[in-house]
Every structure is written in C-alpha cells, then in structure tokens.
file start24.csv (CSV, C-alpha atoms)
chain,number,residue,atom,x,y,z
I,1,MET,CA,-41.0,4.7,-70.1
I,2,PRO,CA,-40.9,2.8,-66.7
I,3,HIS,CA,-38.0,0.6,-66.1
I,4,THR,CA,-38.2,-3.1,-65.2
I,5,PHE,CA,-35.1,-3.1,-63.1
I,6,ASP,CA,-33.8,-0.6,-60.6
I,7,LEU,CA,-30.2,-1.8,-61.2
I,8,LEU,CA,-28.2,-3.7,-63.8
I,9,VAL,CA,-24.8,-4.8,-62.6
I,10,ILE,CA,-22.2,-5.9,-65.1
I,11,GLY,CA,-18.9,-7.6,-64.4
I,12,ASP,CA,-17.3,-10.4,-62.5
I,13,ALA,CA,-18.9,-13.3,-60.6
I,14,ASN,CA,-17.0,-16.2,-59.1
I,15,PRO,CA,-16.7,-18.4,-56.0
I,16,ASP,CA,-14.6,-17.0,-53.2
I,17,ILE,CA,-12.7,-19.3,-50.9
I,18,VAL,CA,-12.0,-17.2,-47.8
I,19,LEU,CA,-9.3,-18.5,-45.4
I,20,GLY,CA,-7.9,-16.9,-42.3
I,21,PRO,CA,-6.8,-15.2,-40.3
I,22,LEU,CA,-3.2,-16.1,-41.2
I,23,ASP,CA,-0.9,-14.1,-38.9
I,24,ALA,CA,2.3,-15.5,-40.4
I,25,PRO,CA,3.7,-15.2,-44.0
I,26,LEU,CA,2.5,-17.7,-46.5
I,27,ALA,CA,4.8,-20.7,-46.3
I,28,PHE,CA,5.9,-22.6,-49.4
I,29,GLY,CA,8.1,-25.7,-49.4
I,30,GLN,CA,5.0,-28.0,-49.1
I,31,ARG,CA,4.3,-26.6,-45.7
I,32,GLU,CA,0.7,-26.8,-44.4
I,33,GLN,CA,-0.6,-23.9,-42.3
I,34,LEU,CA,-3.8,-23.9,-40.2
I,35,VAL,CA,-6.3,-21.1,-39.9
I,36,ASP,CA,-9.4,-20.7,-37.8
I,37,THR,CA,-12.0,-20.3,-40.6
I,38,GLY,CA,-12.7,-21.4,-44.2
I,39,LEU,CA,-15.7,-20.4,-46.3
I,40,LEU,CA,-16.9,-21.1,-49.8
I,41,THR,CA,-19.1,-18.1,-50.8
I,42,LEU,CA,-20.1,-15.9,-53.7
I,43,GLY,CA,-17.4,-13.6,-54.8
I,44,GLY,CA,-16.6,-11.0,-57.5
I,45,SER,CA,-17.0,-7.3,-56.9
I,46,ALA,CA,-19.9,-7.0,-59.3
I,47,ALA,CA,-21.7,-10.1,-57.9
I,48,ILE,CA,-21.3,-9.0,-54.3
I,49,MET,CA,-22.6,-5.5,-55.1
I,50,ALA,CA,-25.6,-6.9,-56.9
I,51,CYS,CA,-26.5,-9.1,-53.9
I,52,GLY,CA,-26.1,-6.1,-51.5
I,53,ALA,CA,-28.4,-4.0,-53.6
I,54,ALA,CA,-31.0,-6.8,-53.8
I,55,ARG,CA,-30.7,-7.2,-50.0
I,56,LEU,CA,-31.5,-3.5,-49.7
I,57,GLY,CA,-34.7,-4.0,-51.7
I,58,LEU,CA,-33.7,-3.1,-55.2
I,59,LYS,CA,-34.9,-5.1,-58.2
I,60,VAL,CA,-31.5,-6.2,-59.6
I,61,ALA,CA,-30.3,-7.9,-62.8
I,62,PHE,CA,-26.8,-9.2,-63.4
I,63,ALA,CA,-24.9,-9.6,-66.7
I,64,GLY,CA,-21.7,-11.5,-67.0
I,65,ARG,CA,-20.1,-14.8,-68.0
I,66,VAL,CA,-19.4,-18.0,-66.2
I,67,GLY,CA,-18.1,-21.4,-67.3
I,68,ASP,CA,-20.0,-24.6,-68.0
I,69,ASP,CA,-18.8,-26.1,-64.7
I,70,GLU,CA,-19.8,-26.6,-61.1
I,71,ALA,CA,-18.3,-23.3,-60.1
I,72,GLY,CA,-20.5,-21.5,-62.7
I,73,ARG,CA,-23.6,-23.3,-61.5
I,74,PHE,CA,-22.7,-22.4,-57.9
I,75,VAL,CA,-22.4,-18.7,-58.8
I,76,THR,CA,-25.6,-18.5,-60.8
I,77,ALA,CA,-27.6,-20.3,-58.0
I,78,ALA,CA,-26.1,-18.1,-55.3
I,79,LEU,CA,-27.1,-14.9,-57.2
I,80,ALA,CA,-30.6,-16.2,-57.8
I,81,ALA,CA,-30.9,-17.2,-54.1
I,82,ARG,CA,-30.2,-13.6,-53.1
I,83,GLY,CA,-32.9,-12.3,-55.4
I,84,VAL,CA,-30.8,-11.2,-58.4
I,85,ASP,CA,-32.2,-11.9,-61.8
I,86,THR,CA,-29.7,-14.1,-63.7
I,87,GLY,CA,-31.4,-14.3,-67.1
I,88,ALA,CA,-28.4,-12.5,-68.7
I,89,VAL,CA,-25.7,-14.6,-67.2
I,90,GLN,CA,-23.9,-16.2,-70.2
I,91,VAL,CA,-22.3,-19.7,-70.0
I,92,ASP,CA,-19.0,-20.1,-71.8
I,93,PRO,CA,-18.6,-23.6,-73.3
I,94,ALA,CA,-14.8,-23.5,-73.3
I,95,LEU,CA,-13.5,-21.3,-70.5
I,96,SER,CA,-13.8,-22.0,-66.8
I,97,THR,CA,-15.5,-19.9,-64.2
I,98,PRO,CA,-13.1,-17.5,-62.4
I,99,LEU,CA,-12.0,-18.7,-59.0
I,100,THR,CA,-10.6,-16.5,-56.1
I,101,VAL,CA,-8.8,-17.5,-52.9
I,102,VAL,CA,-8.7,-14.8,-50.2
I,103,VAL,CA,-6.3,-15.2,-47.3
I,104,THR,CA,-7.1,-12.7,-44.5
I,105,ARG,CA,-4.9,-11.5,-41.6
I,106,GLY,CA,-6.0,-10.5,-38.2
I,107,ASP,CA,-5.2,-6.8,-38.9
I,108,GLY,CA,-7.9,-6.7,-41.6
I,109,ASP,CA,-5.5,-6.9,-44.5
I,110,ARG,CA,-5.7,-9.7,-47.1
I,111,THR,CA,-4.1,-11.2,-50.2
I,112,ILE,CA,-6.2,-12.2,-53.2
I,113,LEU,CA,-5.3,-14.9,-55.7
I,114,THR,CA,-7.6,-15.1,-58.8
I,115,ALA,CA,-7.6,-17.5,-61.8
I,116,PRO,CA,-9.4,-15.3,-64.4
I,117,GLY,CA,-11.2,-18.0,-66.4
I,118,THR,CA,-14.0,-16.3,-68.4
I,119,LEU,CA,-13.1,-12.7,-67.3
I,120,ALA,CA,-10.9,-12.0,-70.3
I,121,ALA,CA,-13.6,-13.1,-72.7
I,122,THR,CA,-16.5,-11.1,-71.0
I,123,GLY,CA,-17.5,-8.3,-73.3
I,124,ALA,CA,-20.2,-6.2,-74.8
I,125,ASP,CA,-22.0,-9.3,-76.2
I,126,ASP,CA,-22.7,-10.4,-72.7
I,127,VAL,CA,-24.7,-7.3,-71.9
I,128,PRO,CA,-28.1,-7.2,-73.6
I,129,GLU,CA,-29.0,-3.8,-74.9
I,130,ALA,CA,-32.6,-4.3,-73.7
I,131,LEU,CA,-31.3,-4.6,-70.1
I,132,LEU,CA,-29.3,-1.4,-70.5
I,133,ARG,CA,-32.4,0.5,-71.6
I,134,ASP,CA,-34.7,-1.2,-69.1
I,135,SER,CA,-32.7,-0.3,-65.9
I,136,ARG,CA,-32.8,2.8,-63.8
I,137,HIS,CA,-29.1,2.5,-63.0
I,138,VAL,CA,-26.1,0.6,-64.4
I,139,HIS,CA,-23.1,-0.3,-62.3
I,140,ALA,CA,-19.8,-1.9,-63.6
I,141,ALA,CA,-17.0,-3.3,-61.5
I,142,SER,CA,-13.5,-4.8,-61.8
I,143,TYR,CA,-12.5,-2.7,-64.7
I,144,PHE,CA,-8.9,-3.9,-64.9
I,145,LEU,CA,-9.9,-7.6,-64.7
I,146,LEU,CA,-12.2,-7.4,-67.7
I,147,PRO,CA,-10.3,-5.9,-70.7
I,148,LYS,CA,-12.9,-6.5,-73.4
I,149,LEU,CA,-15.7,-5.2,-71.2
I,150,ALA,CA,-13.6,-2.2,-70.2
I,151,GLU,CA,-13.1,-1.4,-73.9
I,152,ALA,CA,-16.9,-1.6,-74.5
I,153,LEU,CA,-17.9,0.3,-71.3
I,154,PRO,CA,-18.2,3.8,-72.8
I,155,ALA,CA,-20.6,2.6,-75.4
I,156,LEU,CA,-22.5,0.5,-72.9
I,157,PHE,CA,-22.9,3.5,-70.5
I,158,ARG,CA,-24.0,5.8,-73.4
I,159,THR,CA,-26.7,3.3,-74.2
I,160,ALA,CA,-27.7,3.3,-70.5
I,161,HIS,CA,-27.9,7.1,-70.5
I,162,ALA,CA,-30.0,7.0,-73.6
I,163,GLY,CA,-32.5,4.9,-71.8
I,164,GLY,CA,-32.6,7.3,-68.9
I,165,ALA,CA,-30.3,5.5,-66.5
I,166,THR,CA,-27.5,6.8,-64.3
I,167,THR,CA,-24.2,5.0,-64.2
I,168,SER,CA,-21.5,4.1,-61.6
I,169,LEU,CA,-18.1,2.4,-61.8
I,170,ASP,CA,-15.9,0.7,-59.2
I,171,THR,CA,-12.6,0.0,-60.9
I,172,ASN,CA,-11.2,-2.1,-58.1
I,173,ASP,CA,-7.5,-3.1,-58.1
I,174,ASP,CA,-5.2,-3.2,-61.1
I,175,PRO,CA,-3.4,-6.6,-60.7
I,176,ALA,CA,-0.7,-5.4,-63.2
I,177,GLY,CA,-0.1,-2.3,-61.0
I,178,LYS,CA,0.0,-0.1,-64.1
I,179,TRP,CA,-3.2,1.9,-63.6
I,180,ASP,CA,-3.2,2.8,-67.3
I,181,THR,CA,-6.2,5.1,-67.5
I,182,GLY,CA,-5.9,5.8,-71.2
I,183,GLY,CA,-9.0,3.9,-72.0
I,184,LEU,CA,-10.6,4.7,-68.7
I,185,GLU,CA,-10.9,8.3,-69.6
I,186,ALA,CA,-13.6,7.6,-72.2
I,187,ALA,CA,-15.6,5.5,-69.6
I,188,LEU,CA,-15.3,8.2,-66.9
I,189,ALA,CA,-16.7,10.7,-69.4
I,190,VAL,CA,-20.1,8.8,-69.2
I,191,THR,CA,-19.9,7.7,-65.6
I,192,ASP,CA,-22.0,9.6,-63.0
I,193,TYR,CA,-20.5,8.1,-59.9
I,194,LEU,CA,-17.0,6.8,-59.4
I,195,LEU,CA,-16.6,4.5,-56.3
I,196,PRO,CA,-13.0,3.6,-55.6
I,197,ASN,CA,-11.3,2.9,-52.3
I,198,ALA,CA,-8.6,5.3,-51.0
I,199,ARG,CA,-5.6,3.4,-52.5
I,200,GLU,CA,-7.4,3.1,-55.9
I,201,ALA,CA,-8.4,6.8,-55.9
I,202,ARG,CA,-4.8,7.9,-55.4
I,203,ALA,CA,-3.5,5.5,-58.1
I,204,LEU,CA,-6.2,6.6,-60.6
I,205,ALA,CA,-5.4,10.2,-59.9
I,206,GLY,CA,-1.7,9.6,-60.5
I,207,LEU,CA,-0.7,10.5,-57.0
I,208,PRO,CA,1.6,8.7,-54.5
I,209,GLU,CA,0.1,6.5,-51.8
I,210,ASP,CA,0.7,9.2,-49.1
I,211,ALA,CA,-1.0,12.0,-51.0
I,212,PRO,CA,-4.0,13.7,-49.4
I,213,LEU,CA,-7.1,11.8,-50.2
I,214,ASP,CA,-9.2,14.8,-50.8
I,215,GLU,CA,-6.8,16.0,-53.5
I,216,ALA,CA,-7.0,12.6,-55.3
I,217,ALA,CA,-10.8,12.7,-55.1
I,218,ARG,CA,-10.8,16.3,-56.4
I,219,ARG,CA,-8.7,15.5,-59.4
I,220,LEU,CA,-10.9,12.6,-60.3
I,221,ALA,CA,-14.1,14.7,-59.8
I,222,LEU,CA,-12.8,17.4,-62.2
I,223,ARG,CA,-13.5,14.9,-65.0
I,224,GLY,CA,-17.2,15.8,-64.4
I,225,LEU,CA,-18.4,13.1,-62.1
I,226,LEU,CA,-19.1,12.6,-58.4
I,227,VAL,CA,-16.5,10.6,-56.5
I,228,ALA,CA,-17.3,8.6,-53.4
I,229,VAL,CA,-14.1,7.1,-51.9
I,230,LYS,CA,-14.1,4.3,-49.3
I,231,ASP,CA,-11.5,5.0,-46.6
I,232,GLY,CA,-11.8,1.9,-44.4
I,233,ALA,CA,-12.0,2.6,-40.6
I,234,ASP,CA,-11.8,6.4,-41.4
I,235,GLY,CA,-15.2,6.3,-43.1
I,236,ALA,CA,-15.7,7.8,-46.6
I,237,LEU,CA,-15.1,10.9,-48.7
I,238,LEU,CA,-17.3,12.5,-51.3
I,239,HIS,CA,-16.0,15.1,-53.8
I,240,ASP,CA,-17.8,17.0,-56.6
I,241,GLY,CA,-14.7,18.9,-57.8
I,242,ARG,CA,-15.5,21.9,-55.7
I,243,ALA,CA,-15.8,20.7,-52.1
I,244,ALA,CA,-15.3,17.6,-50.1
I,245,LEU,CA,-17.7,15.9,-47.7
I,246,ARG,CA,-16.5,13.3,-45.2
I,247,THR,CA,-18.4,10.8,-42.9
I,248,ARG,CA,-16.7,8.8,-40.2
I,249,GLY,CA,-19.2,6.0,-40.5
I,250,ILE,CA,-20.0,3.8,-37.5
I,251,PRO,CA,-17.7,1.9,-35.2
I,252,ALA,CA,-17.1,-1.7,-36.3
I,253,GLU,CA,-15.1,-4.7,-35.1
I,254,PRO,CA,-14.9,-6.6,-38.4
I,255,LEU,CA,-14.6,-10.3,-38.7
I,256,ASP,CA,-13.9,-10.0,-42.4
I,257,THR,CA,-13.6,-7.0,-44.7
I,258,VAL,CA,-14.0,-9.0,-48.0
I,259,GLY,CA,-16.7,-7.3,-50.1
I,260,ALA,CA,-17.2,-4.3,-47.7
I,261,GLY,CA,-16.4,-1.9,-50.5
I,262,ASP,CA,-19.0,-3.6,-52.8
I,263,SER,CA,-21.6,-3.4,-50.0
I,264,PHE,CA,-20.7,0.3,-49.7
I,265,ASP,CA,-21.4,0.7,-53.5
I,266,ALA,CA,-24.7,-1.1,-53.1
I,267,GLY,CA,-25.7,1.3,-50.3
I,268,PHE,CA,-24.7,4.4,-52.2
I,269,VAL,CA,-26.6,3.4,-55.3
I,270,ALA,CA,-29.7,2.3,-53.4
I,271,ALA,CA,-29.8,5.6,-51.4
I,272,VAL,CA,-29.4,7.7,-54.6
I,273,LEU,CA,-32.2,5.7,-56.4
I,274,SER,CA,-34.4,6.2,-53.3
I,275,GLY,CA,-34.2,10.0,-53.8
I,276,ARG,CA,-31.7,10.6,-50.9
I,277,SER,CA,-29.1,13.4,-51.2
I,278,THR,CA,-25.6,12.4,-52.1
I,279,ALA,CA,-24.6,13.3,-48.5
I,280,ASP,CA,-27.2,10.9,-47.1
I,281,ALA,CA,-26.1,8.3,-49.7
I,282,LEU,CA,-22.5,8.6,-48.4
I,283,GLU,CA,-23.6,8.0,-44.9
I,284,LEU,CA,-25.9,5.0,-45.7
I,285,ALA,CA,-23.2,3.5,-47.9
I,286,SER,CA,-20.6,3.7,-45.1
I,287,VAL,CA,-23.1,2.0,-42.8
I,288,CYS,CA,-23.7,-0.8,-45.3
I,289,GLY,CA,-20.0,-1.4,-45.7
I,290,ALA,CA,-19.4,-1.6,-42.0
I,291,LEU,CA,-22.3,-3.9,-41.3
I,292,SER,CA,-21.2,-6.3,-44.1
I,293,THR,CA,-18.0,-7.1,-42.1
I,294,ARG,CA,-20.0,-8.8,-39.3
I,295,ALA,CA,-19.5,-12.3,-40.9
I,296,TYR,CA,-17.0,-14.0,-43.1
I,297,GLY,CA,-17.4,-13.6,-46.9
I,298,GLY,CA,-18.8,-10.7,-48.9
I,299,THR,CA,-22.6,-11.5,-48.8
I,300,PRO,CA,-23.7,-13.2,-45.6
I,301,ALA,CA,-23.9,-10.1,-43.4
I,302,GLN,CA,-25.1,-7.6,-46.0
I,303,PRO,CA,-27.8,-5.5,-44.3
I,304,THR,CA,-31.4,-5.0,-45.2
I,305,TRP,CA,-32.7,-1.4,-45.8
I,306,ASP,CA,-34.2,-1.4,-42.3
I,307,GLU,CA,-31.0,-2.6,-40.7
I,308,ALA,CA,-29.0,0.0,-42.5
I,309,GLN,CA,-31.5,2.7,-41.5
I,310,GLY,CA,-31.5,1.5,-37.9
I,311,ALA,CA,-27.7,2.0,-37.7
I,312,LEU,CA,-27.8,5.5,-39.1
I,313,PRO,CA,-28.4,7.3,-35.8
I,314,ALA,CA,-25.0,6.1,-34.5
I,315,ALA,CA,-23.3,7.6,-37.6
I,316,PRO,CA,-22.0,11.2,-37.3
I,317,ARG,CA,-23.4,13.5,-39.9
I,318,PRO,CA,-21.1,14.1,-42.9
I,319,GLN,CA,-19.0,17.2,-42.6
I,320,THR,CA,-18.3,19.5,-45.5
I,321,TYR,CA,-14.9,21.3,-46.1
I,322,ALA,CA,-13.3,23.1,-49.0
call {"tool": "encode", "arguments": {"input": "start24.csv", "output": "structure tokens"}}
result
Amino acid sequence: MPHTFDLLVIGDANPDIVLGPLDAPLAFGQREQLVDTGLLTLGGSAAIMACGAARLGLKVAFAGRVGDDEAGRFVTAALAARGVDTGAVQVDPALSTPLTVVVTRGDGDRTILTAPGTLAATGADDVPEALLRDSRHVHAASYFLLPKLAEALPALFRTAHAGGATTSLDTNDDPAGKWDTGGLEAALAVTDYLLPNAREARALAGLPEDAPLDEAARRLALRGLLVAVKDGADGALLHDGRAALRTRGIPAEPLDTVGAGDSFDAGFVAAVLSGRSTADALELASVCGALSTRAYGGTPAQPTWDEAQGALPAAPRPQTYA
C-alpha cells in the first residue's frame, strides 16, 4: 500500500527563546546582562527535525501535544507554515506548552532551560495508529524528556514496522544525567537508525566522556541497528557494528548551533528515503547540520534539497576504517 506521508515525527514542540552570545557566567542577584541577539522561534528536537525534513522536500506529519495557550498556537502555526501537517497535534486543556530558553556562548556552547509543560503527559494516545501505518518512516526525539512516550515507543515502532516503515531515534540529552537505558533497550530493538551526538553516544554506551567515539558507536550498533553520530566540527561517524565510516563535513563558521543535530537527522532520513546509500546519507546529513548554523534558531537556515546538494562537492568523501 502506498503511504500518504514520507515521514511522521513524534515528540516535543515548543517555542525557543534564543539569547546570546553570553561570554560571562550567568549572573544572579537581580543583575541584568546584555547580549547581542534575541530570537523567538520554533524549538523542540522533534519539531525542528520535522521542519528540516519538510524543507528538504519530504511530506511530513507531526504528532505531539501542546497546551491551550498562545505558545501552543505559536508552535502549531510555525510547524504548518513550514509545510508540516499538524492534524495530529493534540491540545491539552490543563497543561501549558513547553517553553525553552537557550543561552549561547561565543565558543558555540550553550545552556538550555526548559519548563516541560505537556511533555510529561505526551504518550501513545497522541500518536494515531493510522499515521504510523501511513508513513514511510517514523522518527522520535527527546526520549528522556517524554517518559510516557518513551514507555510506549517500542509498541509504536512495531506498529510502524508492520506498516512497512523504517524508524529512527534521537534520544537527545538526559536532564537527570542518569542515562538509564533499561527501558531504552526495548525501543532500540525496533529502531533502524540511532542518531545521537558524540556525548550522548558515549553516555548511552556506558563509556566515559573521553572514550573513543568509534567504540561507543560500535557498542550501540551491536544492538542490531545503524548508528550515525554527530561530532560537531569534526563531522560525523557511522557504525554498523563491524566497521566505522567518518565524514569531516564542510567548513562552517556558525552563528548558532541550536538545532544543528536535528537538521542532521532530517538530512540523514531524507537521503535514506531518497534511495541514497548510508554513506551518502551521512555526508548529506553533515552538510544539512552545518548549513543550519548560518542563522540564529533551529529552523531559519535549514537548507533545501538543492542547497544541500550544492554544498556536497565541498565535503570530503566519507572514509571507512575498521
């Protein structure tokens, strides 16, 4: 049966308030600090990924939960304006829409403050079974922010597989710092592509922060899935459990790295769905992540397919090593 949507994204959506760069510690004591830029934009790893995929030409649907408030209406309108189908966005009558403040530094680092709102209540009931069966690929994000959805994820992904879809997961950060993967193992068993960043990959693999990245990726890939790891300015790494593949990406002078990993995810999924090899997908994903840093916020500079393709000649070919 043909699918209506190329991609269904499930997870978090919220306004991001991006401030920075702040090159001094955050000051309390009722002190006011000035920064060069401030931006109200669409945030949430899942929402940014959905917008990046739509920008690349995929037909995308989003499933999640927002509050019955101005922030929720902002989120829904922002998704729709970027070509994402919002018919499955649920409105919670009691809980508020999540809100995130991102404070950036000149060195590219950032701190993120999030009021979770509806995140804790988002679960399986917010993901229509018909959408799972009517999409070529299903992507989930922010695993540790969405406990009810995380618990339901194995069943949701099994339903997607039954409908002929492939699946991917970007866990993002664990705010609790526990990286308890007990429940995650069941989700990884039905995940085709795991898309963490380097720090997340090491934590998920149970390794220290200075452990070799290829070893972290290898351990994760031994669970029977393909692992594509975002490694910032050093590009990205792909591992299938047997061999690793690395791309250095393209040179970039980022204005803001917020959402770059989500744009990477969008590029990887779009390339795979277009029939590209996973090596080519890694390369295109790295380009999408780099190009997204040209503006402040996660979505304003996301590339089109033609823009991403046009940047590929400057990207070194991925190199394989054991």
call {"tool": "residues_around", "arguments": {"input": "start24.csv", "residues": "Phe144 of chain I", "least_positions_apart": "2", "cutoff": "6 Å", "atoms": "all atoms listed in the file", "output": "PDB file with C-alpha atoms, in the coordinates of the input"}}
result
ATOM      1  CA  SER I 142     -13.500  -4.800 -61.800  1.00  0.00           C
ATOM      2  CA  LEU I 146     -12.200  -7.400 -67.700  1.00  0.00           C
ATOM      3  CA  ASP I 174      -5.200  -3.200 -61.100  1.00  0.00           C
TER       4      ASP I 174
END
call {"tool": "residues_around", "arguments": {"input": "start24.csv", "residues": "Pro116 of chain I", "least_positions_apart": "5", "cutoff": "12 Å", "atoms": "all atoms listed in the file", "output": "PyMOL selection string"}}
result
chain I and resi 12-15+44+65-67+95-101+121-122+142+144-147+175
call {"tool": "residues_around", "arguments": {"input": "start24.csv", "residues": "segment 151-158 of chain I", "least_positions_apart": "2", "cutoff": "8 Å", "atoms": "all atoms listed in the file", "output": "list in words"}}
result
Gly123, Ala124, Leu132, Val138, Pro147, Lys148, Leu149, Ala160, His161, Ala162, Thr167, Gly183, Ala186, Ala187, Leu188, Ala189, Val190 and Thr191 of chain I
call {"tool": "residues_around", "arguments": {"input": "start24.csv", "residues": "Ser263 of chain I", "least_positions_apart": "4", "cutoff": "9 Å", "atoms": "all atoms listed in the file", "output": "mmCIF file with C-alpha atoms, keeping the file's coordinate frame"}}
result
data_model
loop_
_atom_site.group_PDB
_atom_site.id
_atom_site.type_symbol
_atom_site.label_atom_id
_atom_site.label_comp_id
_atom_site.auth_asym_id
_atom_site.auth_seq_id
_atom_site.Cartn_x
_atom_site.Cartn_y
_atom_site.Cartn_z
ATOM 1 C CA ILE I 48 -21.300 -9.000 -54.300
ATOM 2 C CA MET I 49 -22.600 -5.500 -55.100
ATOM 3 C CA ALA I 50 -25.600 -6.900 -56.900
ATOM 4 C CA CYS I 51 -26.500 -9.100 -53.900
ATOM 5 C CA GLY I 52 -26.100 -6.100 -51.500
ATOM 6 C CA ALA I 53 -28.400 -4.000 -53.600
ATOM 7 C CA GLY I 259 -16.700 -7.300 -50.100
ATOM 8 C CA GLY I 267 -25.700 1.300 -50.300
ATOM 9 C CA PHE I 268 -24.700 4.400 -52.200
ATOM 10 C CA ALA I 285 -23.200 3.500 -47.900
ATOM 11 C CA SER I 286 -20.600 3.700 -45.100
ATOM 12 C CA CYS I 288 -23.700 -0.800 -45.300
ATOM 13 C CA GLY I 289 -20.000 -1.400 -45.700
ATOM 14 C CA ALA I 290 -19.400 -1.600 -42.000
ATOM 15 C CA LEU I 291 -22.300 -3.900 -41.300
ATOM 16 C CA SER I 292 -21.200 -6.300 -44.100
ATOM 17 C CA GLY I 298 -18.800 -10.700 -48.900
ATOM 18 C CA THR I 299 -22.600 -11.500 -48.800
ATOM 19 C CA GLN I 302 -25.100 -7.600 -46.000
ATOM 20 C CA PRO I 303 -27.800 -5.500 -44.300
#
call {"tool": "atom_distance", "arguments": {"input": "start24.csv", "atom1": "atom CA of Ile17 of chain I", "atom2": "atom CA of Ala311 of chain I"}}
result
29.2 Å
call {"tool": "residues_around", "arguments": {"input": "start24.csv", "residues": "Glu209 of chain I", "least_positions_apart": "3", "cutoff": "8 Å", "atoms": "all atoms listed in the file", "output": "list in words"}}
result
Arg199, Arg202 and Ala203 of chain I
call {"tool": "closest_residue", "arguments": {"input": "start24.csv", "among": "I:Leu255, I:Ala281, I:Leu131, I:Leu79", "to": "Gly108 of chain I", "atoms": "only C-alpha atoms"}}
result
I:Leu255
call {"tool": "residues_near_point", "arguments": {"input": "start24.csv", "point": "(-1.5, 10.3, -65.7)", "cutoff": "9 Å", "atoms": "only C-alpha atoms", "output": "ChimeraX atom specification"}}
result
/I:179-182,204-207
call {"tool": "build_atoms", "arguments": {"input": "start24.csv", "residues": "segment 104-117 of chain I", "atoms": "N, CA and C atoms", "output": "PDB file, in the frame of the given file"}}
result
ATOM      1  N   THR I 104      -6.970 -13.924 -45.373  1.00  0.00           N
ATOM      2  CA  THR I 104      -7.100 -12.700 -44.500  1.00  0.00           C
ATOM      3  C   THR I 104      -6.063 -12.783 -43.387  1.00  0.00           C
ATOM      4  N   ARG I 105      -5.789 -11.610 -42.829  1.00  0.00           N
ATOM      5  CA  ARG I 105      -4.900 -11.500 -41.600  1.00  0.00           C
ATOM      6  C   ARG I 105      -5.759 -10.858 -40.519  1.00  0.00           C
ATOM      7  N   GLY I 106      -5.251 -10.997 -39.313  1.00  0.00           N
ATOM      8  CA  GLY I 106      -6.000 -10.500 -38.200  1.00  0.00           C
ATOM      9  C   GLY I 106      -6.054  -8.965 -38.133  1.00  0.00           C
ATOM     10  N   ASP I 107      -5.176  -8.272 -38.867  1.00  0.00           N
ATOM     11  CA  ASP I 107      -5.200  -6.800 -38.900  1.00  0.00           C
ATOM     12  C   ASP I 107      -6.179  -6.266 -39.936  1.00  0.00           C
ATOM     13  N   GLY I 108      -6.931  -7.174 -40.594  1.00  0.00           N
ATOM     14  CA  GLY I 108      -7.900  -6.700 -41.600  1.00  0.00           C
ATOM     15  C   GLY I 108      -7.377  -6.726 -43.007  1.00  0.00           C
ATOM     16  N   ASP I 109      -6.078  -6.879 -43.188  1.00  0.00           N
ATOM     17  CA  ASP I 109      -5.500  -6.900 -44.500  1.00  0.00           C
ATOM     18  C   ASP I 109      -5.749  -8.312 -45.136  1.00  0.00           C
ATOM     19  N   ARG I 110      -5.522  -8.436 -46.430  1.00  0.00           N
ATOM     20  CA  ARG I 110      -5.700  -9.700 -47.100  1.00  0.00           C
ATOM     21  C   ARG I 110      -4.943  -9.773 -48.389  1.00  0.00           C
ATOM     22  N   THR I 111      -4.671 -10.972 -48.851  1.00  0.00           N
ATOM     23  CA  THR I 111      -4.100 -11.200 -50.200  1.00  0.00           C
ATOM     24  C   THR I 111      -5.143 -11.942 -51.010  1.00  0.00           C
ATOM     25  N   ILE I 112      -5.177 -11.675 -52.298  1.00  0.00           N
ATOM     26  CA  ILE I 112      -6.200 -12.200 -53.200  1.00  0.00           C
ATOM     27  C   ILE I 112      -5.532 -12.896 -54.360  1.00  0.00           C
ATOM     28  N   LEU I 113      -5.839 -14.168 -54.575  1.00  0.00           N
ATOM     29  CA  LEU I 113      -5.300 -14.900 -55.700  1.00  0.00           C
ATOM     30  C   LEU I 113      -6.498 -15.287 -56.609  1.00  0.00           C
ATOM     31  N   THR I 114      -6.430 -14.914 -57.888  1.00  0.00           N
ATOM     32  CA  THR I 114      -7.600 -15.100 -58.800  1.00  0.00           C
ATOM     33  C   THR I 114      -7.092 -15.830 -60.072  1.00  0.00           C
ATOM     34  N   ALA I 115      -7.786 -16.910 -60.430  1.00  0.00           N
ATOM     35  CA  ALA I 115      -7.600 -17.500 -61.800  1.00  0.00           C
ATOM     36  C   ALA I 115      -8.738 -16.928 -62.625  1.00  0.00           C
ATOM     37  N   PRO I 116      -8.402 -16.156 -63.670  1.00  0.00           N
ATOM     38  CA  PRO I 116      -9.400 -15.300 -64.400  1.00  0.00           C
ATOM     39  C   PRO I 116     -10.457 -16.054 -65.156  1.00  0.00           C
ATOM     40  N   GLY I 117     -10.157 -17.232 -65.707  1.00  0.00           N
ATOM     41  CA  GLY I 117     -11.200 -18.000 -66.400  1.00  0.00           C
ATOM     42  C   GLY I 117     -11.869 -17.123 -67.501  1.00  0.00           C
TER      43      GLY I 117
END
